[in-house]
$ cat work-v6.txt   # compact mmCIF, C-alpha atoms
# COMPACT_ATOMS: atom_id res chain seq x y z
CA MET A 188 -6.40 -105.52 112.99
CA GLU A 189 -5.21 -101.99 113.69
CA ALA A 190 -8.02 -99.51 113.30
CA ARG A 191 -7.35 -97.20 110.35
CA SER A 192 -9.58 -94.37 111.48
CA TYR A 193 -8.23 -91.98 108.85
CA VAL A 194 -9.10 -94.50 106.12
CA VAL A 195 -12.41 -96.13 107.06
CA GLY A 196 -13.29 -94.71 110.47
CA THR A 197 -13.96 -97.12 113.29
CA ILE A 198 -13.83 -100.65 111.90
CA THR A 199 -17.12 -102.48 112.39
CA ARG A 200 -16.56 -105.63 110.36
CA ALA A 201 -13.96 -107.33 108.14
CA GLU A 202 -14.86 -110.01 105.58
CA PRO A 203 -12.16 -112.30 104.16
CA LEU A 204 -12.29 -112.27 100.36
CA THR A 205 -11.69 -115.22 98.07
CA HIS A 206 -8.21 -115.25 96.57
CA ASN A 207 -5.46 -117.68 95.60
CA ALA A 208 -4.51 -118.77 99.11
CA GLY A 209 -1.68 -120.87 97.66
CA ASN A 210 0.22 -117.77 96.51
CA ALA A 211 2.84 -117.16 99.18
CA ALA A 212 2.97 -113.47 98.26
CA THR A 213 -0.56 -112.83 99.52
CA GLY A 214 -1.06 -112.64 103.25
CA GLY A 215 -4.82 -112.09 103.01
CA ILE A 216 -7.48 -109.84 101.48
CA TRP A 217 -10.43 -108.37 103.37
CA ARG A 218 -13.36 -106.07 102.73
CA VAL A 219 -13.22 -103.76 105.75
CA HIS A 220 -16.37 -101.93 106.80
CA GLY A 221 -15.99 -98.76 108.82
CA THR A 222 -18.09 -95.90 110.05
CA ARG A 223 -16.75 -93.64 107.26
CA ARG A 224 -16.40 -95.98 104.29
CA THR A 225 -15.64 -99.51 103.10
CA ALA A 226 -12.18 -100.37 101.81
CA ILE A 227 -10.18 -103.36 100.62
CA ARG A 228 -7.19 -104.35 102.76
CA LYS A 229 -4.54 -106.52 101.10
CA ILE A 230 -1.31 -107.80 102.65
CA ALA A 231 1.72 -108.68 100.53
CA ARG A 232 4.46 -110.59 102.30
CA PRO A 233 8.11 -111.28 101.45
CA PRO A 234 9.73 -114.70 101.20
CA SER A 235 10.31 -116.36 104.55
CA ALA A 236 12.68 -118.98 105.91
CA THR A 237 9.66 -121.24 106.36
CA PRO A 238 7.84 -121.32 103.00
CA THR A 239 4.08 -120.81 103.05
CA GLY A 240 1.40 -121.54 100.51
CA SER A 241 1.77 -123.86 97.53
CA PRO A 242 5.22 -124.99 96.35
CA ASN A 243 4.13 -123.82 92.89
CA TRP A 244 3.36 -120.27 94.05
CA GLN A 245 6.44 -119.22 95.99
CA THR A 246 7.42 -115.58 95.94
CA SER A 247 10.74 -113.82 95.44
CA ASP A 248 12.79 -110.75 96.34
CA VAL A 249 14.09 -110.52 92.75
CA PRO A 250 12.35 -107.49 91.19
CA ASP A 251 11.63 -108.96 87.74
CA HIS A 252 10.65 -112.42 89.08
CA TRP A 253 7.25 -113.61 87.90
CA ASN A 254 5.97 -113.56 91.51
CA TYR A 255 7.93 -110.64 93.01
CA TRP A 256 6.12 -109.94 96.26
CA ARG A 257 6.34 -106.13 96.27
CA ARG A 258 5.39 -105.45 92.62
CA GLU A 259 1.75 -104.55 93.19
CA ALA A 260 2.64 -102.14 95.99
CA LEU A 261 5.12 -100.41 93.68
CA ALA A 262 2.56 -100.25 90.87
CA TYR A 263 0.18 -98.36 93.15
CA THR A 264 2.54 -96.20 95.21
CA THR A 265 4.54 -94.92 92.21
CA GLY A 266 1.39 -94.05 90.24
CA PHE A 267 2.41 -96.55 87.55
CA ALA A 268 -0.89 -98.45 87.57
CA ALA A 269 -2.88 -95.22 87.31
CA ALA A 270 -0.85 -94.05 84.30
CA ALA A 271 -0.52 -97.38 82.48
CA TYR A 272 -3.75 -97.21 80.48
CA ASP A 273 -4.80 -93.67 81.38
CA GLY A 274 -7.42 -92.15 79.11
CA THR A 275 -8.77 -95.46 77.82
CA GLY A 276 -11.49 -96.04 80.41
CA ILE A 277 -9.39 -98.50 82.42
CA GLU A 278 -8.37 -97.45 85.92
CA PRO A 279 -6.88 -99.19 88.95
CA PRO A 280 -8.63 -98.87 92.31
CA GLU A 281 -7.69 -95.78 94.30
CA LEU A 282 -4.88 -96.29 96.81
CA LEU A 283 -6.07 -94.94 100.16
CA GLU A 284 -3.17 -95.93 102.38
CA PHE A 285 0.12 -97.83 102.25
CA VAL A 286 1.64 -99.36 105.38
CA ASP A 287 5.05 -100.91 105.98
CA ARG A 288 4.38 -103.52 108.66
CA PRO A 289 6.79 -104.42 111.49
CA ASP A 290 6.85 -108.04 110.26
CA GLY A 291 8.32 -106.95 106.89
CA ALA A 292 5.08 -107.30 104.94
CA VAL A 293 3.19 -104.37 103.41
CA GLU A 294 -0.47 -103.40 103.57
CA LEU A 295 -2.47 -101.81 100.79
CA TRP A 296 -5.75 -100.10 101.61
CA LEU A 297 -7.73 -99.62 98.40
CA ALA A 298 -11.04 -97.97 97.64
CA GLU A 299 -13.69 -100.58 96.99
CA ALA A 300 -14.78 -100.46 93.36
CA THR A 301 -18.54 -100.60 92.91
CA GLY A 302 -20.27 -101.89 89.83
CA ALA A 303 -20.79 -105.11 87.90
CA HIS A 304 -18.07 -107.70 88.41
CA GLY A 305 -16.77 -109.59 85.39
CA PRO A 306 -18.64 -112.85 86.00
CA SER A 307 -21.90 -110.98 85.42
CA TRP A 308 -20.80 -109.33 82.16
CA SER A 309 -22.39 -109.85 78.78
CA PRO A 310 -20.20 -110.55 75.74
CA ALA A 311 -20.84 -106.93 74.69
CA ARG A 312 -19.27 -105.67 77.93
CA PHE A 313 -16.27 -107.93 77.37
CA ARG A 314 -15.92 -106.35 73.94
CA LEU A 315 -15.91 -102.84 75.43
CA PHE A 316 -13.26 -103.73 77.98
CA ALA A 317 -11.14 -105.49 75.35
CA ARG A 318 -11.34 -102.38 73.18
CA GLN A 319 -10.18 -100.24 76.11
CA LEU A 320 -7.32 -102.63 76.78
CA GLY A 321 -6.27 -102.66 73.13
CA ALA A 322 -6.14 -98.86 73.08
CA GLY A 323 -4.04 -98.86 76.23
CA GLN A 324 -1.61 -101.51 75.03
CA ALA A 325 -1.19 -100.00 71.56
CA ARG A 326 0.79 -97.14 73.10
CA TRP A 327 3.28 -99.56 74.65
CA THR A 328 3.86 -101.79 71.62
CA ASP A 329 7.59 -102.58 71.39
CA ARG A 330 8.33 -99.93 74.03
CA VAL A 331 7.67 -101.62 77.37
CA PRO A 332 8.72 -99.34 80.26
CA ALA A 333 12.10 -99.94 81.85
CA GLU A 334 11.08 -100.06 85.54
CA PRO A 335 13.28 -102.77 87.06
CA TRP A 336 10.41 -104.25 89.09
CA LEU A 337 8.23 -105.07 86.08
CA SER A 338 8.01 -108.78 85.31
CA ARG A 339 10.03 -110.08 82.37
CA ARG A 340 9.38 -113.32 80.48
CA TRP A 341 6.51 -113.86 82.90
CA LEU A 342 4.80 -116.62 80.93
CA ARG A 343 7.91 -118.81 80.64
CA HIS A 344 8.74 -118.54 84.34
CA TYR A 345 5.14 -119.05 85.44
CA LEU A 346 4.96 -122.24 83.40
CA ALA A 347 8.26 -123.49 84.77
CA HIS A 348 7.32 -122.98 88.42
CA GLY A 349 3.52 -122.80 88.54
CA PRO A 350 0.62 -125.14 87.74
CA SER A 351 2.51 -127.17 85.12
CA ASN A 352 3.85 -129.09 88.11
CA ILE A 353 0.43 -130.58 88.92
CA VAL A 354 0.16 -132.56 85.67
CA TRP A 355 0.00 -136.31 86.34
CA MET A 356 -0.75 -137.67 82.87
CA ARG A 357 2.41 -139.73 82.40
CA THR A 358 1.52 -142.98 80.64
CA ASP A 359 -0.33 -144.28 77.59
CA GLU A 360 -2.84 -145.79 80.00
CA ASP A 361 -3.64 -142.33 81.36
CA TRP A 362 -4.26 -140.88 77.90
CA THR A 363 -6.46 -143.82 76.84
CA HIS A 364 -8.49 -143.90 80.06
CA PRO A 365 -12.29 -143.83 79.46
CA LEU A 366 -12.54 -140.36 81.03
CA ALA A 367 -10.03 -139.01 78.51
CA ALA A 368 -12.36 -140.05 75.69
CA HIS A 369 -14.67 -137.14 76.57
CA TRP A 370 -12.05 -134.68 75.35
CA PRO A 371 -9.72 -134.38 72.31
CA ALA A 372 -7.10 -136.34 74.25
CA ALA A 373 -4.63 -136.84 71.39
CA GLU A 374 -4.50 -133.12 70.67
CA LEU A 375 -4.17 -132.24 74.36
CA ARG A 376 -1.35 -134.73 74.72
CA ALA A 377 0.44 -133.31 71.67
CA LEU A 378 0.13 -129.79 73.08
CA TRP A 379 1.49 -130.86 76.46
CA GLU A 380 4.42 -132.78 74.99
CA HIS A 381 5.31 -129.96 72.55
CA ARG A 382 4.39 -127.00 74.75
CA ASP A 383 7.82 -125.39 74.34
CA THR A 384 7.15 -124.95 70.61
CA VAL A 385 3.92 -123.09 71.37
CA LEU A 386 5.61 -121.05 74.11
CA ARG A 387 8.31 -119.92 71.66
CA ALA A 388 5.57 -118.78 69.27
CA ALA A 389 4.01 -116.76 72.10
CA GLU A 390 7.35 -115.18 72.97
CA SER A 391 7.96 -114.16 69.35
CA ALA A 392 4.88 -111.89 69.29
CA PRO A 393 5.18 -108.09 69.47
CA ARG A 394 5.67 -106.94 73.07
CA THR A 395 3.63 -104.54 75.13
CA LEU A 396 2.86 -103.58 78.72
CA ALA A 397 0.58 -106.36 79.92
CA HIS A 398 -1.35 -106.76 83.16
CA LEU A 399 -0.92 -110.57 83.02
CA ASP A 400 -3.80 -111.42 85.34
CA VAL A 401 -6.81 -110.27 83.33
CA TRP A 402 -9.81 -112.45 84.12
CA PRO A 403 -13.40 -111.83 85.19
CA THR A 404 -12.78 -111.59 88.93
CA ASN A 405 -10.25 -108.80 88.36
CA VAL A 406 -12.49 -106.46 86.35
CA ILE A 407 -15.40 -104.34 87.55
CA ALA A 408 -17.65 -102.27 85.28
CA ASP A 409 -18.77 -98.87 86.53
CA GLY A 410 -20.77 -97.67 83.54
CA ASP A 411 -18.31 -97.44 80.65
CA ARG A 412 -15.40 -97.22 83.10
CA THR A 413 -13.54 -100.43 83.94
CA VAL A 414 -11.69 -100.88 87.22
CA LEU A 415 -8.81 -103.34 86.79
CA ILE A 416 -7.49 -104.80 90.05
CA ASP A 417 -4.57 -107.02 91.14
CA TRP A 418 -1.46 -105.62 89.45
CA ALA A 419 0.95 -108.13 91.01
CA PHE A 420 2.22 -109.57 87.69
CA VAL A 421 2.31 -106.45 85.48
CA GLY A 422 5.18 -106.29 83.00
CA ASP A 423 6.40 -107.30 79.57
CA GLY A 424 3.91 -109.44 77.65
CA ALA A 425 2.71 -110.19 74.15
CA LEU A 426 0.07 -108.24 72.28
CA GLY A 427 -3.08 -110.25 72.95
CA GLU A 428 -1.68 -112.18 75.91
CA ASP A 429 -4.15 -110.59 78.33
CA ILE A 430 -7.02 -111.28 75.94
CA SER A 431 -6.17 -114.97 75.71
CA ASN A 432 -6.25 -115.22 79.49
CA LEU A 433 -9.53 -113.29 79.72
CA VAL A 434 -11.21 -115.61 77.23
CA ILE A 435 -10.03 -118.88 78.78
CA ASP A 436 -10.47 -117.88 82.41
CA SER A 437 -13.99 -116.65 81.74
CA VAL A 438 -15.16 -120.26 82.07
CA THR A 439 -12.45 -122.34 83.79
CA ASP A 440 -13.86 -121.90 87.31
CA GLY A 441 -17.54 -122.11 86.46
CA LEU A 442 -18.22 -118.43 87.07
CA ILE A 443 -19.67 -117.87 83.57
CA ASP A 444 -21.76 -120.27 81.50
CA ALA A 445 -19.30 -122.18 79.31
CA ALA A 446 -21.83 -122.06 76.46
CA LEU A 447 -20.97 -118.36 76.10
CA LEU A 448 -17.29 -119.10 75.34
CA PRO A 449 -17.55 -118.69 71.52
CA GLU A 450 -19.30 -115.33 71.95
CA ILE A 451 -16.75 -114.18 74.51
CA GLU A 452 -13.84 -115.24 72.28
CA ASP A 453 -15.28 -113.33 69.32
CA ALA A 454 -16.22 -110.26 71.37
CA ALA A 455 -12.88 -110.00 73.17
CA THR A 456 -10.81 -110.54 70.02
CA THR A 457 -12.85 -108.10 67.94
CA GLY A 458 -12.85 -105.46 70.66
CA TYR A 459 -9.12 -105.77 71.23
CA LEU A 460 -8.32 -105.32 67.53
CA GLU A 461 -10.62 -102.29 67.44
CA GLY A 462 -8.81 -100.85 70.44
CA LEU A 463 -5.38 -101.38 68.92
CA ARG A 464 -6.50 -99.37 65.91
CA ASP A 465 -7.99 -96.72 68.19
CA GLY A 466 -4.62 -96.48 69.91
CA GLY A 467 -2.68 -96.01 66.68
CA TRP A 468 -1.38 -99.53 66.07
CA HIS A 469 -1.57 -100.38 62.37
CA GLY A 470 -0.01 -103.82 62.24
CA ASP A 471 -1.42 -107.03 60.77
CA PRO A 472 -4.47 -108.25 62.76
CA ASP A 473 -3.48 -111.84 61.99
CA VAL A 474 -0.29 -111.33 63.99
CA VAL A 475 -2.42 -110.46 67.01
CA ARG A 476 -4.81 -113.36 66.45
CA HIS A 477 -1.79 -115.66 66.25
CA ALA A 478 -0.40 -114.21 69.49
CA ILE A 479 -3.74 -114.70 71.28
CA ALA A 480 -3.79 -118.32 70.18
CA ALA A 481 -0.14 -118.99 71.06
CA CYS A 482 -0.30 -117.32 74.47
CA GLY A 483 -3.52 -119.04 75.44
CA ALA A 484 -2.42 -122.48 74.29
CA ALA A 485 0.97 -122.12 75.97
CA LYS A 486 -0.33 -120.81 79.28
CA TYR A 487 -3.02 -123.48 79.50
CA SER A 488 -1.06 -126.38 78.01
CA TRP A 489 -1.22 -127.94 81.48
CA PHE A 490 -4.97 -127.48 81.98
CA GLY A 491 -6.38 -130.52 80.18
CA PRO A 492 -3.73 -132.95 81.48
CA ALA A 493 -4.07 -131.63 85.03
CA VAL A 494 -7.87 -131.93 85.14
CA LEU A 495 -7.85 -135.38 83.53
CA GLY A 496 -5.06 -136.60 85.80
CA ARG A 497 -6.90 -135.50 88.91
CA MET A 498 -10.13 -137.15 87.81
CA ILE A 499 -8.48 -140.41 86.76
CA ARG A 500 -6.94 -140.64 90.22
CA GLY A 501 -10.26 -139.98 91.90
CA GLN A 502 -9.27 -136.62 93.31
CA ARG A 503 -12.49 -134.66 93.38
CA GLY A 504 -12.38 -131.11 94.49
CA GLY A 505 -13.07 -127.80 92.90
CA ASN A 506 -11.32 -124.48 93.12
CA ALA A 507 -11.21 -121.37 95.24
CA TYR A 508 -13.65 -119.50 93.02
CA GLY A 509 -16.24 -121.93 91.68
CA ALA A 510 -18.52 -124.63 93.05
CA PRO A 511 -17.14 -128.00 94.23
CA LEU A 512 -16.91 -130.64 91.52
CA ASP A 513 -18.96 -133.72 92.29
CA ASP A 514 -19.55 -135.23 88.85
CA ASP A 515 -16.49 -135.86 86.70
CA VAL A 516 -18.34 -136.54 83.46
CA ALA A 517 -20.52 -133.45 83.81
CA GLU A 518 -17.45 -131.32 84.43
CA LEU A 519 -15.66 -132.81 81.42
CA GLU A 520 -18.67 -132.07 79.25
CA ARG A 521 -18.91 -128.51 80.61
CA LEU A 522 -15.30 -127.86 79.64
CA ARG A 523 -15.25 -129.71 76.32
CA GLY A 524 -15.67 -126.49 74.33
CA LEU A 525 -12.84 -124.86 76.26
CA VAL A 526 -10.26 -127.60 75.77
CA THR A 527 -11.29 -127.90 72.13
CA MET A 528 -10.64 -124.18 71.71
CA ILE A 529 -7.25 -124.54 73.41
CA THR A 530 -6.22 -127.31 71.01
CA ARG A 531 -7.46 -125.22 68.07
CA TRP A 532 -5.36 -122.34 69.31
CA ALA A 533 -2.37 -124.66 69.61
CA SER A 534 -2.79 -125.66 65.97
CA GLU A 535 -3.03 -122.00 64.93
CA ALA A 536 0.06 -121.14 66.98
CA ARG A 537 2.18 -123.55 64.96
CA LYS A 538 1.42 -121.65 61.75
CA ASP A 539 3.38 -118.66 60.47
CA PRO A 540 1.13 -115.63 61.02
CA ARG A 541 2.88 -113.49 58.40
$ encode --input "work-v6.txt" --output "structure tokens"
Amino acid sequence: MEARSYVVGTITRAEPLTHNAGNAATGGIWRVHGTRRTAIRKIARPPSATPTGSPNWQTSDVPDHWNYWRREALAYTTGFAAAAYDGTGIEPPELLEFVDRPDGAVELWLAEATGAHGPSWSPARFRLFARQLGAGQARWTDRVPAEPWLSRRWLRHYLAHGPSNIVWMRTDEDWTHPLAAHWPAAELRALWEHRDTVLRAAESAPRTLAHLDVWPTNVIADGDRTVLIDWAFVGDGALGEDISNLVIDSVTDGLIDAALLPEIEDAATTGYLEGLRDGGWHGDPDVVRHAIAACGAAKYSWFGPAVLGRMIRGQRGGNAYGAPLDDDVAELERLRGLVTMITRWASEARKDPR
């Protein structure tokens, strides 16, 4: 690693940080300790002739592609991320240095945000952040910026090319397997088989400038200030789309006690609606609640079938962020409340919110 003396001083240590290693756009993330300061170093890499990472997480040179490799660098270097929700209490990390690398990739050196990371938050802190986000997104309702590198129709393209491809529940025998009996299998199957209907409901919601990767590992509380990291997907999204992801991904990887899910859902929804009003949006709250339900059910339509399919086939594992899974039944019970909420959201999404 080239020493960035004008950023951190003499480098004394570099720690690899947990991230989605399957995403071909990410060439690595490190916490770099130096004699002057500590910083975060992140490499974004372009598509290559020899694909890397997961087939479901390939990157693109197309600026509005859901996984455009240079989007986060543009969000920081143009000042877009800093201005997006300015004045609400949400800030991106400070960009310390940007480097065009000889291999075609780019390097971001970011100030390390200090404070309480999302997995340690109380429901009350989720409510505060959701209120900040609502205030920020109110200003962009139905007037998403025109930057050509912002993602467009992100959710549809993510579902077409991302984790939906790991679903292996294909037969009646799969859906009637004894493991499936721990969950509302019929409702999960109906959602999976009619996911396009729910996706269309999500796409019909009022549009705003969305971050599109809001979850506990991407938020850090510094007092009442919230640092929001990882702007690689930012673009056009639905009102409430970020909230749906925040609620669901608060428990998917085992980072937060799943028993807190009802409190987190209520806190995040209530805070977001408060923030929309703070920001001058005076629409029907039920339209936003409908959008939260539709976006969450659509984005995670694959989740139940994927987890069940893996377990039925004896593929134990875990994820990059949580503990390894060594007891299928215990994991199914831990997530029962989550998949039940997703199926409830799917039912709500099929109703007319107006």
$ closest_atom_pairs --input "work-v6.txt" --of "stretch 211-261 of chain A" --to "stretch 353-366 of chain A" --cutoff "12 Å" --atoms "all atoms listed in the file" --output "tab-separated table"
residue	atom	partner	partner_atom	distance
A:Ser241	CA	A:Ile353	CA	11.0
A:Pro242	CA	A:Ile353	CA	10.5
A:Asn243	CA	A:Ile353	CA	8.7
A:Trp244	CA	A:Ile353	CA	11.9
$ atom_distance --input "work-v6.txt" --atom1 "atom CA of A:Gly501" --atom2 "atom CA of A:Gly209"
21.7 Å
$ residues_near_point --input "work-v6.txt" --point "(5.0, -110.8, 99.9)" --cutoff "7 Å" --atoms "only C-alpha atoms" --output "short mmCIF file (atom, residue, chain, number, x, y, z; two decimals) with C-alpha atoms, in the coordinates of the input"
data_model
loop_
_atom_site.label_atom_id
_atom_site.label_comp_id
_atom_site.auth_asym_id
_atom_site.auth_seq_id
_atom_site.Cartn_x
_atom_site.Cartn_y
_atom_site.Cartn_z
CA ALA A 211 2.84 -117.16 99.18
CA ALA A 212 2.97 -113.47 98.26
CA THR A 213 -0.56 -112.83 99.52
CA ALA A 231 1.72 -108.68 100.53
CA ARG A 232 4.46 -110.59 102.30
CA PRO A 233 8.11 -111.28 101.45
CA PRO A 234 9.73 -114.70 101.20
CA THR A 246 7.42 -115.58 95.94
CA TRP A 256 6.12 -109.94 96.26
CA ARG A 257 6.34 -106.13 96.27
CA ALA A 292 5.08 -107.30 104.94
#
$ axis_aligned_box --input "work-v6.txt" --around "stretch 454-459 of chain A" --padding-each-side "6 Å" --output "JSON"
{"center_x": -12.7, "center_y": -108.0, "center_z": 70.6, "size_x": 19.1, "size_y": 17.1, "size_z": 17.2}
$ atom_distance --input "work-v6.txt" --atom1 "atom CA of A:Ala533" --atom2 "atom CA of A:Gly466"
28.3 Å
$ atom_distance --input "work-v6.txt" --atom1 "atom CA of A:Ala517" --atom2 "atom CA of A:Ser307"
22.6 Å
$ closest_residue --input "work-v6.txt" --among "A:Leu525, A:Ala260, A:Ala368, A:Val286" --to "A:Ser437" --atoms "only C-alpha atoms"
A:Leu525
$ closest_residue --input "work-v6.txt" --among "A:Ala367, A:Val293, A:Thr395, A:Ile435" --to "A:Arg497" --atoms "all atoms listed in the file"
A:Ala367
$ closest_residue --input "work-v6.txt" --among "A:Thr527, A:Trp296, A:Ser235, A:Val195" --to "A:Trp217" --atoms "all atoms listed in the file"
A:Trp296
$ closest_residue --input "work-v6.txt" --among "A:Pro472, A:His369, A:Thr275, A:Tyr255" --to "A:Leu519" --atoms "all atoms listed in the file"
A:His369
$ residues_around --input "work-v6.txt" --residues "A:Pro310" --least-positions-apart "6" --cutoff "7 Å" --atoms "all atoms listed in the file" --output "list in words"
Glu450, Ile451 and Ala454 of chain A
$ closest_residue --input "work-v6.txt" --among "A:Thr384, A:Asn254, A:Gln245, A:Thr222" --to "A:Lys538" --atoms "only C-alpha atoms"
A:Thr384
$ residues_around --input "work-v6.txt" --residues "A:Pro393" --least-positions-apart "6" --cutoff "8 Å" --atoms "all atoms listed in the file" --output "PyMOL selection string"
chain A and resi 328-329+425-426
$ closest_residue --input "work-v6.txt" --among "A:Leu495, A:Glu380, A:Ile479, A:Ala325" --to "A:Glu452" --atoms "only C-alpha atoms"
A:Ile479
$ residues_around --input "work-v6.txt" --residues "A:His220" --least-positions-apart "6" --cutoff "10 Å" --atoms "all atoms listed in the file" --output "PyMOL selection string"
chain A and resi 195-202+226-227
$ residues_around --input "work-v6.txt" --residues "A:Leu320" --least-positions-apart "6" --cutoff "10 Å" --atoms "all atoms listed in the file" --output "list in words"
Tyr272, Thr275, Gly276, Ile277, Arg314, Ala397, His398, Thr413, Gly427, Asp429, Ile430, Ala455, Gly458, Tyr459, Leu460, Glu461, Gly462, Leu463 and Gly466 of chain A
$ residues_around --input "work-v6.txt" --residues "A:Gly266" --least-positions-apart "3" --cutoff "12 Å" --atoms "all atoms listed in the file" --output "list of chain:residue names"
A:Glu259, A:Ala260, A:Leu261, A:Ala262, A:Tyr263, A:Ala269, A:Ala270, A:Ala271, A:Tyr272, A:Asp273, A:Glu278, A:Pro279, A:Pro280, A:Glu281, A:Leu282, A:Trp418
